[in-house]
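Here the structure comes first, spelled out in structure tokens, and everything after it is commentary.
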Amino acid sequence: MPSAKMVRIVRDLGATDEDLDRLRTIGDTLESDPTLPFRKTRTGRFGFDPVAMEVRRLEFQPFMLSTEDDFVRHDAGQVRIFDEIRDDLQLNTALQALFVFKFMVFDGMKVEQRPKLDYDSDRWVCTLLNVRTITDGNLIGEPALEGVHSDGVDHTMTTYLGSENMTEESAVTFLHEMDEVNGTRWHDTNPELVRARAQHREFLDTCLIVDHELKHSVSTLYAVDPDRPATRDLLAFLTRRPVAEDHHSHEFDSPAPHPTMPMAVPLRTLDETAPTG
Ligand code: FE
């Protein structure tokens, strides 16, 4: 979904111009990442509740992706503790509109089911990641160091916020058939298994992926001026059904609201929003 369309949609869903402006630079407040030196990340857990028709902030829980999620990396299976997303992002009306947009798209959609998720549940759990990838004199930034992978969820949405000093050919997203081997570097993949490529170039360029039907990879971040750091800022919304009891994230899947940073936003369906006549 290209930038111009997304800006129009989120404005229609309540985003103010001031908040759209603030969203562009929200990445400046990122501080650290638990396992990747070329990245700064904050995360927060949100719950889509189609019965109450709202999305709300959920309490903090550690994060884990494992090889069972089609995620092969040195920190796969490791419990990761990220800095928490704060009110400056979660109370931003543009961010809130992105949640509503995502729900409108995936609500009622039939997708290939993942093992060990509870598809009888009404609820959806969404981990929001605010990520800055950095390439500087010492480190090469890899938006997806893990190569070909899945995010271990049902619906992945990535929304581009901006970049500094990034070359035109940097950070291309490739979508691969499920037969592609996990962990393959983007430049070593089988061209016959590449279903599509896309590149986030403008503010709010957005990509939605059915995460258990196609795998993805992202190419390296290169600097135009090698003497200055290059950065690329992105929001990733990883949404899945709650996990079943035998899933590795079972102890990290609480539905409880966040005790100190509450947030709740009403959801809408496409039917409610469709133009009449
Ligand atoms: Fe991913």
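How things are named: the first chain in the structure tokens is A, the next is B, and so on; residues count from 1 in each chain; ligands count from 1 in the order shown.
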
Using only C-alpha atoms, which residues sit within 7 Å of stretch 98-100 of chain A once same-chain residues fewer than 5 positions away are excluded, as a PDB file with N, CA and C atoms, in the first residue's frame?
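The result, stored in part.pdb:
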```
ATOM      1  N   VAL A  10      -5.160   6.761   6.939  1.00  0.00           N
ATOM      2  CA  VAL A  10      -5.015   6.980   8.385  1.00  0.00           C
ATOM      3  C   VAL A  10      -5.608   8.334   8.792  1.00  0.00           C
ATOM      4  N   LEU A 267     -12.197  -0.323  17.434  1.00  0.00           N
ATOM      5  CA  LEU A 267     -11.954  -0.892  16.111  1.00  0.00           C
ATOM      6  C   LEU A 267     -13.157  -0.639  15.217  1.00  0.00           C
ATOM      7  N   ARG A 268     -12.926  -0.764  13.924  1.00  0.00           N
ATOM      8  CA  ARG A 268     -14.025  -0.684  12.949  1.00  0.00           C
ATOM      9  C   ARG A 268     -13.882  -1.813  11.965  1.00  0.00           C
TER      10      ARG A 268
END
```

Using only C-alpha atoms, determine which residues lie at most 7 Å from A:Ser217, disregarding the query and same-chain residues fewer than 4 positions distant; provide the list as JSON, numbers by chain. {"A": [144, 147, 148, 149, 173, 174, 175, 186]}

Those residues with all heavy atoms, as a PDB file, in the first residue's frame please?
```pdb
ATOM      1  N   ALA A 144      17.085  -7.725   8.191  1.00  0.00           N
ATOM      2  CA  ALA A 144      16.674  -9.095   8.549  1.00  0.00           C
ATOM      3  C   ALA A 144      17.913  -9.985   8.491  1.00  0.00           C
ATOM      4  O   ALA A 144      18.139 -10.700   7.521  1.00  0.00           O
ATOM      5  CB  ALA A 144      15.587  -9.609   7.617  1.00  0.00           C
ATOM      6  N   GLY A 147      18.000 -13.736   7.349  1.00  0.00           N
ATOM      7  CA  GLY A 147      17.771 -14.230   5.995  1.00  0.00           C
ATOM      8  C   GLY A 147      16.300 -14.602   5.815  1.00  0.00           C
ATOM      9  O   GLY A 147      15.417 -13.966   6.394  1.00  0.00           O
ATOM     10  N   VAL A 148      16.062 -15.635   4.997  1.00  0.00           N
ATOM     11  CA  VAL A 148      14.671 -16.050   4.745  1.00  0.00           C
ATOM     12  C   VAL A 148      14.056 -16.557   6.050  1.00  0.00           C
ATOM     13  O   VAL A 148      14.643 -17.381   6.744  1.00  0.00           O
ATOM     14  CB  VAL A 148      14.637 -17.164   3.679  1.00  0.00           C
ATOM     15  CG1 VAL A 148      13.223 -17.724   3.544  1.00  0.00           C
ATOM     16  CG2 VAL A 148      15.136 -16.627   2.340  1.00  0.00           C
ATOM     17  N   HIS A 149      12.856 -16.023   6.376  1.00  0.00           N
ATOM     18  CA  HIS A 149      12.234 -16.384   7.653  1.00  0.00           C
ATOM     19  C   HIS A 149      10.735 -16.079   7.617  1.00  0.00           C
ATOM     20  O   HIS A 149      10.236 -15.463   6.683  1.00  0.00           O
ATOM     21  CB  HIS A 149      12.872 -15.593   8.805  1.00  0.00           C
ATOM     22  CG  HIS A 149      12.541 -14.130   8.787  1.00  0.00           C
ATOM     23  ND1 HIS A 149      13.102 -13.241   7.896  1.00  0.00           N
ATOM     24  CD2 HIS A 149      11.675 -13.399   9.530  1.00  0.00           C
ATOM     25  CE1 HIS A 149      12.611 -12.039   8.105  1.00  0.00           C
ATOM     26  NE2 HIS A 149      11.729 -12.091   9.087  1.00  0.00           N
ATOM     27  N   THR A 173      12.505  -5.822   0.195  1.00  0.00           N
ATOM     28  CA  THR A 173      11.838  -6.986   0.790  1.00  0.00           C
ATOM     29  C   THR A 173      11.521  -7.998  -0.305  1.00  0.00           C
ATOM     30  O   THR A 173      10.980  -7.624  -1.355  1.00  0.00           O
ATOM     31  CB  THR A 173      10.517  -6.564   1.468  1.00  0.00           C
ATOM     32  OG1 THR A 173      10.815  -5.592   2.474  1.00  0.00           O
ATOM     33  CG2 THR A 173       9.817  -7.750   2.115  1.00  0.00           C
ATOM     34  N   PHE A 174      11.872  -9.263  -0.083  1.00  0.00           N
ATOM     35  CA  PHE A 174      11.527 -10.342  -1.012  1.00  0.00           C
ATOM     36  C   PHE A 174      10.553 -11.292  -0.330  1.00  0.00           C
ATOM     37  O   PHE A 174      10.718 -11.614   0.845  1.00  0.00           O
ATOM     38  CB  PHE A 174      12.782 -11.130  -1.416  1.00  0.00           C
ATOM     39  CG  PHE A 174      13.800 -10.302  -2.156  1.00  0.00           C
ATOM     40  CD1 PHE A 174      14.813  -9.643  -1.462  1.00  0.00           C
ATOM     41  CD2 PHE A 174      13.750 -10.171  -3.532  1.00  0.00           C
ATOM     42  CE1 PHE A 174      15.741  -8.869  -2.128  1.00  0.00           C
ATOM     43  CE2 PHE A 174      14.680  -9.395  -4.212  1.00  0.00           C
ATOM     44  CZ  PHE A 174      15.685  -8.744  -3.507  1.00  0.00           C
ATOM     45  N   LEU A 175       9.540 -11.729  -1.096  1.00  0.00           N
ATOM     46  CA  LEU A 175       8.605 -12.735  -0.588  1.00  0.00           C
ATOM     47  C   LEU A 175       8.884 -14.047  -1.299  1.00  0.00           C
ATOM     48  O   LEU A 175       8.997 -14.081  -2.531  1.00  0.00           O
ATOM     49  CB  LEU A 175       7.156 -12.291  -0.840  1.00  0.00           C
ATOM     50  CG  LEU A 175       6.756 -10.985  -0.157  1.00  0.00           C
ATOM     51  CD1 LEU A 175       5.301 -10.653  -0.459  1.00  0.00           C
ATOM     52  CD2 LEU A 175       6.974 -11.067   1.345  1.00  0.00           C
ATOM     53  N   TRP A 186      19.508 -13.283   1.519  1.00  0.00           N
ATOM     54  CA  TRP A 186      18.629 -12.797   0.445  1.00  0.00           C
ATOM     55  C   TRP A 186      19.257 -12.951  -0.926  1.00  0.00           C
ATOM     56  O   TRP A 186      18.580 -13.219  -1.906  1.00  0.00           O
ATOM     57  CB  TRP A 186      18.220 -11.338   0.705  1.00  0.00           C
ATOM     58  CG  TRP A 186      19.370 -10.376   0.810  1.00  0.00           C
ATOM     59  CD1 TRP A 186      20.056 -10.045   1.938  1.00  0.00           C
ATOM     60  CD2 TRP A 186      19.975  -9.629  -0.251  1.00  0.00           C
ATOM     61  NE1 TRP A 186      21.048  -9.150   1.659  1.00  0.00           N
ATOM     62  CE2 TRP A 186      21.022  -8.868   0.317  1.00  0.00           C
ATOM     63  CE3 TRP A 186      19.733  -9.530  -1.627  1.00  0.00           C
ATOM     64  CZ2 TRP A 186      21.833  -8.027  -0.442  1.00  0.00           C
ATOM     65  CZ3 TRP A 186      20.539  -8.685  -2.385  1.00  0.00           C
ATOM     66  CH2 TRP A 186      21.570  -7.951  -1.792  1.00  0.00           C
TER      67      TRP A 186
END
```

Might you pull out every residue within 9 Å of stretch 39-51 of chain A, with only C-alpha atoms counted and same-chain residues fewer than 2 positions away left off, and present them as JSON, numbers by chain? {"A": [27, 30, 31, 32, 33, 34, 35, 36, 37, 53, 54, 55, 56, 57, 58, 59, 60, 61, 82, 83, 84, 85, 86, 90, 99, 103, 107, 122, 123, 124, 125, 126, 127, 128, 129, 130, 131, 132, 133, 134, 135, 141, 142, 143, 239, 255, 257, 258, 263, 267]}

Could you list, as a PyMOL selection string, all the residues within 9 Å of ligand 1, counting only C-alpha atoms and all ligand atoms? chain A and resi 71+143-144+146+148-152+156+158+211+215-218+236+238

Could you dump the residues just selected with N, CA, C and O atoms as a JSON list (two decimals), in the first residue's frame?
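Output file again-v7.json follows:
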```
[["chain", "number", "residue", "atom", "x", "y", "z"],
["A", 71, "PHE", "N", 12.30, -19.31, 12.06],
["A", 71, "PHE", "CA", 13.20, -18.20, 12.38],
["A", 71, "PHE", "C", 14.52, -18.80, 12.82],
["A", 71, "PHE", "O", 14.65, -19.35, 13.92],
["A", 143, "PRO", "N", 18.46, -5.34, 7.98],
["A", 143, "PRO", "CA", 17.08, -5.28, 8.45],
["A", 143, "PRO", "C", 16.53, -6.66, 8.80],
["A", 143, "PRO", "O", 15.62, -6.78, 9.62],
["A", 144, "ALA", "N", 17.08, -7.73, 8.19],
["A", 144, "ALA", "CA", 16.67, -9.09, 8.55],
["A", 144, "ALA", "C", 17.91, -9.98, 8.49],
["A", 144, "ALA", "O", 18.14, -10.70, 7.52],
["A", 146, "GLU", "N", 18.45, -12.61, 9.83],
["A", 146, "GLU", "CA", 18.08, -14.03, 9.82],
["A", 146, "GLU", "C", 17.88, -14.58, 8.41],
["A", 146, "GLU", "O", 17.63, -15.77, 8.25],
["A", 148, "VAL", "N", 16.06, -15.64, 5.00],
["A", 148, "VAL", "CA", 14.67, -16.05, 4.75],
["A", 148, "VAL", "C", 14.06, -16.56, 6.05],
["A", 148, "VAL", "O", 14.64, -17.38, 6.74],
["A", 149, "HIS", "N", 12.86, -16.02, 6.38],
["A", 149, "HIS", "CA", 12.23, -16.38, 7.65],
["A", 149, "HIS", "C", 10.73, -16.08, 7.62],
["A", 149, "HIS", "O", 10.24, -15.46, 6.68],
["A", 150, "SER", "N", 10.08, -16.52, 8.67],
["A", 150, "SER", "CA", 8.73, -16.05, 8.97],
["A", 150, "SER", "C", 8.77, -15.40, 10.34],
["A", 150, "SER", "O", 9.73, -15.58, 11.09],
["A", 151, "ASP", "N", 7.70, -14.67, 10.68],
["A", 151, "ASP", "CA", 7.68, -13.98, 11.97],
["A", 151, "ASP", "C", 6.93, -14.77, 13.05],
["A", 151, "ASP", "O", 6.70, -14.26, 14.14],
["A", 152, "GLY", "N", 6.52, -15.99, 12.73],
["A", 152, "GLY", "CA", 5.86, -16.83, 13.73],
["A", 152, "GLY", "C", 4.43, -16.41, 14.03],
["A", 152, "GLY", "O", 3.90, -16.74, 15.08],
["A", 156, "THR", "N", 1.63, -10.28, 9.25],
["A", 156, "THR", "CA", 2.70, -9.31, 9.47],
["A", 156, "THR", "C", 2.36, -8.04, 8.69],
["A", 156, "THR", "O", 1.97, -8.12, 7.52],
["A", 158, "THR", "N", 4.27, -4.28, 7.88],
["A", 158, "THR", "CA", 5.40, -3.38, 8.08],
["A", 158, "THR", "C", 5.07, -2.01, 7.51],
["A", 158, "THR", "O", 4.53, -1.90, 6.40],
["A", 211, "ASP", "N", 1.68, -14.50, 6.99],
["A", 211, "ASP", "CA", 3.01, -14.93, 7.43],
["A", 211, "ASP", "C", 3.25, -16.43, 7.32],
["A", 211, "ASP", "O", 4.39, -16.87, 7.29],
["A", 215, "LYS", "N", 7.25, -16.82, 3.01],
["A", 215, "LYS", "CA", 8.37, -16.38, 3.85],
["A", 215, "LYS", "C", 8.90, -15.05, 3.29],
["A", 215, "LYS", "O", 8.56, -14.67, 2.17],
["A", 216, "HIS", "N", 9.76, -14.36, 4.08],
["A", 216, "HIS", "CA", 10.33, -13.11, 3.57],
["A", 216, "HIS", "C", 11.79, -12.95, 3.95],
["A", 216, "HIS", "O", 12.30, -13.61, 4.86],
["A", 217, "SER", "N", 12.47, -12.06, 3.21],
["A", 217, "SER", "CA", 13.84, -11.68, 3.53],
["A", 217, "SER", "C", 13.99, -10.21, 3.14],
["A", 217, "SER", "O", 13.16, -9.67, 2.41],
["A", 218, "VAL", "N", 15.03, -9.56, 3.67],
["A", 218, "VAL", "CA", 15.24, -8.13, 3.39],
["A", 218, "VAL", "C", 16.72, -7.91, 3.12],
["A", 218, "VAL", "O", 17.58, -8.45, 3.83],
["A", 236, "ALA", "N", 6.81, -2.67, 12.78],
["A", 236, "ALA", "CA", 6.36, -4.00, 12.38],
["A", 236, "ALA", "C", 5.27, -4.43, 13.35],
["A", 236, "ALA", "O", 5.44, -4.37, 14.57],
["A", 238, "LEU", "N", 3.20, -7.58, 14.34],
["A", 238, "LEU", "CA", 3.15, -9.03, 14.19],
["A", 238, "LEU", "C", 1.93, -9.56, 14.95],
["A", 238, "LEU", "O", 1.90, -9.52, 16.18]]
```

Spatial neighbours of A:Pro229, 10 Å, only C-alpha atoms, chain gap at least 5 places, as number ranges by chain: A: 134-141, 164-166, 222-224

List every residue of stretch 30-202 of chain A that DSSP, applied to the backbone of this structure, places in strand (DSSP E or B), and write the result as a PyMOL selection string. chain A and resi 39-49+54-58+63+80+83-84+117+124-135+141+149+155-164+166+172-176+194-199

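Proximity ranking of A:Arg197, A:Arg240, A:His74, A:His248 relative to A:Phe106 places A:Arg240 first, based on only C-alpha atoms.
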
Skipping near chain neighbours, those fewer than 3 positions away, what residues fall within 10 Å of A:Arg11 using only C-alpha atoms, listed as a ChimeraX atom specification? /A:5-8,14-17,20,93-94,97

Based on the selection just made, write C-alpha atoms of those residues as a PDB file, in the first residue's frame.
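Final output, selection_9.pdb:
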```
ATOM      1  CA  LYS A   5      -2.961   6.085  -0.053  1.00  0.00           C
ATOM      2  CA  MET A   6      -1.905   5.187   3.485  1.00  0.00           C
ATOM      3  CA  VAL A   7      -1.714   8.841   4.543  1.00  0.00           C
ATOM      4  CA  ARG A   8      -5.264   9.360   3.240  1.00  0.00           C
ATOM      5  CA  GLY A  14      -8.431   9.862  12.854  1.00  0.00           C
ATOM      6  CA  ALA A  15      -4.713  10.606  12.456  1.00  0.00           C
ATOM      7  CA  THR A  16      -3.912  14.299  12.964  1.00  0.00           C
ATOM      8  CA  ASP A  17      -1.285  16.137  10.884  1.00  0.00           C
ATOM      9  CA  LEU A  20       1.743  12.163  11.408  1.00  0.00           C
ATOM     10  CA  THR A  93      -3.366   9.039  16.548  1.00  0.00           C
ATOM     11  CA  ALA A  94      -1.531   7.953  13.370  1.00  0.00           C
ATOM     12  CA  ALA A  97      -5.148   4.477  12.979  1.00  0.00           C
TER      13      ALA A  97
END
```

re atom CA of A:Gln96 and atom CA of A:Leu214: distance 26.7 Å

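Between atom CA of A:Asp12 and atom CA of A:Pro266 there is a distance of 14.2 Å.
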
Where does stretch 35-142 of chain A meet stretch 23-26 of chain A within 8 Å, residue by residue, with the nearest atom pair and distance in Å to one decimal for each, counting only C-alpha atoms, listed by chain and rising number, as a tab-separated table?
```
residue	atom	partner	partner_atom	distance
A:Asp88	CA	A:Ile26	CA	7.9
A:Leu89	CA	A:Ile26	CA	7.1
A:Asn92	CA	A:Leu23	CA	7.5
A:Ala94	CA	A:Leu23	CA	7.3
A:Leu95	CA	A:Leu23	CA	7.7
```

Selection: 7 Å around A:Cys207, only C-alpha atoms, excl. self and same-chain fewer than 3 positions, as a PyMOL selection string: chain A and resi 1+157-159

Keeping only N, CA and C atoms, write those residues as a short mmCIF file (atom, residue, chain, number, x, y, z; two decimals), in the first residue's frame.
```cif
data_model
loop_
_atom_site.label_atom_id
_atom_site.label_comp_id
_atom_site.auth_asym_id
_atom_site.auth_seq_id
_atom_site.Cartn_x
_atom_site.Cartn_y
_atom_site.Cartn_z
N MET A 1 0.86 -1.18 0.00
CA MET A 1 0.00 0.00 0.00
C MET A 1 0.90 1.23 0.00
N MET A 157 2.50 -6.89 9.35
CA MET A 157 2.37 -5.62 8.62
C MET A 157 3.60 -4.78 8.92
N THR A 158 4.27 -4.28 7.88
CA THR A 158 5.40 -3.38 8.08
C THR A 158 5.07 -2.01 7.51
N THR A 159 5.35 -0.98 8.28
CA THR A 159 5.08 0.40 7.86
C THR A 159 6.37 1.21 8.00
#
```

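For the pair atom CA of A:Ser121 and atom CA of A:Met109, the interatomic distance is 14.7 Å.
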
Residues near A:Leu193, cut-off 9 Å, only C-alpha atoms, skip fewer than 4 positions along chain, as a PyMOL selection string: chain A and resi 175-180+189

Using only all heavy atoms, please write the residues we just selected to a file, as a CSV table (one decimal), in the first residue's frame.
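As a result, part.csv now contains:
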```
chain,number,residue,atom,x,y,z
A,175,LEU,N,9.5,-11.7,-1.1
A,175,LEU,CA,8.6,-12.7,-0.6
A,175,LEU,C,8.9,-14.0,-1.3
A,175,LEU,O,9.0,-14.1,-2.5
A,175,LEU,CB,7.2,-12.3,-0.8
A,175,LEU,CG,6.8,-11.0,-0.2
A,175,LEU,CD1,5.3,-10.7,-0.5
A,175,LEU,CD2,7.0,-11.1,1.3
A,176,HIS,N,9.0,-15.1,-0.5
A,176,HIS,CA,9.4,-16.4,-1.0
A,176,HIS,C,8.4,-17.5,-0.8
A,176,HIS,O,7.7,-17.4,0.2
A,176,HIS,CB,10.7,-16.9,-0.4
A,176,HIS,CG,11.8,-15.9,-0.3
A,176,HIS,ND1,12.7,-15.7,-1.3
A,176,HIS,CD2,12.1,-14.9,0.6
A,176,HIS,CE1,13.6,-14.8,-1.0
A,176,HIS,NE2,13.2,-14.2,0.2
A,177,GLU,N,8.3,-18.4,-1.8
A,177,GLU,CA,7.4,-19.6,-1.5
A,177,GLU,C,7.9,-20.3,-0.3
A,177,GLU,O,9.1,-20.2,0.1
A,177,GLU,CB,7.5,-20.5,-2.7
A,177,GLU,CG,7.2,-19.9,-4.1
A,177,GLU,CD,5.7,-19.8,-4.4
A,177,GLU,OE1,5.0,-20.5,-3.7
A,177,GLU,OE2,5.4,-19.1,-5.3
A,178,MET,N,7.0,-21.1,0.4
A,178,MET,CA,7.3,-21.7,1.6
A,178,MET,C,8.4,-22.8,1.4
A,178,MET,O,9.1,-23.2,2.4
A,178,MET,CB,6.1,-22.4,2.2
A,178,MET,CG,5.0,-21.4,2.7
A,178,MET,SD,5.6,-20.2,3.9
A,178,MET,CE,5.5,-21.2,5.4
A,179,ASP,N,8.7,-23.2,0.2
A,179,ASP,CA,9.8,-24.2,0.0
A,179,ASP,C,11.2,-23.6,0.1
A,179,ASP,O,12.1,-24.4,0.2
A,179,ASP,CB,9.6,-24.8,-1.4
A,179,ASP,CG,8.5,-25.8,-1.5
A,179,ASP,OD1,8.0,-26.2,-0.5
A,179,ASP,OD2,8.0,-26.0,-2.7
A,180,GLU,N,11.3,-22.3,0.1
A,180,GLU,CA,12.6,-21.7,0.3
A,180,GLU,C,13.2,-22.1,1.7
A,180,GLU,O,12.4,-22.2,2.7
A,180,GLU,CB,12.6,-20.2,0.1
A,180,GLU,CG,13.9,-19.5,0.2
A,180,GLU,CD,15.0,-20.0,-0.8
A,180,GLU,OE1,15.0,-19.5,-2.0
A,180,GLU,OE2,15.7,-21.0,-0.4
A,189,THR,N,19.1,-16.8,-2.5
A,189,THR,CA,17.8,-17.5,-2.6
A,189,THR,C,17.6,-17.9,-4.0
A,189,THR,O,18.1,-17.4,-5.0
A,189,THR,CB,16.6,-16.5,-2.2
A,189,THR,OG1,16.7,-15.4,-3.0
A,189,THR,CG2,16.7,-16.2,-0.7
```

Tell me, which residues of stretch 56-244 of chain A carry DSSP helix (DSSP H, G or I), written as an mmCIF file with C-alpha atoms, in the first residue's frame?
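The resulting file, selection.cif, is shown below:
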```
data_model
loop_
_atom_site.group_PDB
_atom_site.id
_atom_site.type_symbol
_atom_site.label_atom_id
_atom_site.label_comp_id
_atom_site.auth_asym_id
_atom_site.auth_seq_id
_atom_site.Cartn_x
_atom_site.Cartn_y
_atom_site.Cartn_z
ATOM 1 C CA THR A 67 13.238 -22.291 14.751
ATOM 2 C CA GLU A 68 9.674 -23.676 15.078
ATOM 3 C CA ASP A 69 8.503 -20.258 13.855
ATOM 4 C CA ASP A 87 2.916 6.797 25.391
ATOM 5 C CA ASP A 88 4.652 9.007 22.803
ATOM 6 C CA LEU A 89 4.071 6.214 20.264
ATOM 7 C CA GLN A 90 1.001 4.342 21.533
ATOM 8 C CA THR A 93 -3.366 9.039 16.548
ATOM 9 C CA ALA A 94 -1.531 7.953 13.370
ATOM 10 C CA LEU A 95 -0.213 4.823 15.101
ATOM 11 C CA GLN A 96 -3.693 4.123 16.480
ATOM 12 C CA ALA A 97 -5.148 4.477 12.979
ATOM 13 C CA LEU A 98 -2.610 1.933 11.693
ATOM 14 C CA PHE A 99 -3.946 -0.601 14.222
ATOM 15 C CA VAL A 100 -7.519 0.051 13.051
ATOM 16 C CA PHE A 101 -6.443 -0.224 9.386
ATOM 17 C CA LYS A 102 -4.679 -3.527 10.002
ATOM 18 C CA PHE A 103 -7.712 -4.989 11.766
ATOM 19 C CA MET A 104 -10.009 -3.927 8.922
ATOM 20 C CA VAL A 105 -7.795 -5.764 6.438
ATOM 21 C CA PHE A 106 -7.293 -9.070 8.260
ATOM 22 C CA TRP A 186 18.629 -12.797 0.445
ATOM 23 C CA HIS A 187 21.260 -12.888 -2.340
ATOM 24 C CA ASP A 188 21.514 -16.706 -2.250
ATOM 25 C CA PRO A 191 14.854 -16.918 -7.993
ATOM 26 C CA GLU A 192 12.171 -19.423 -8.985
ATOM 27 C CA LEU A 193 10.781 -19.315 -5.444
#
```
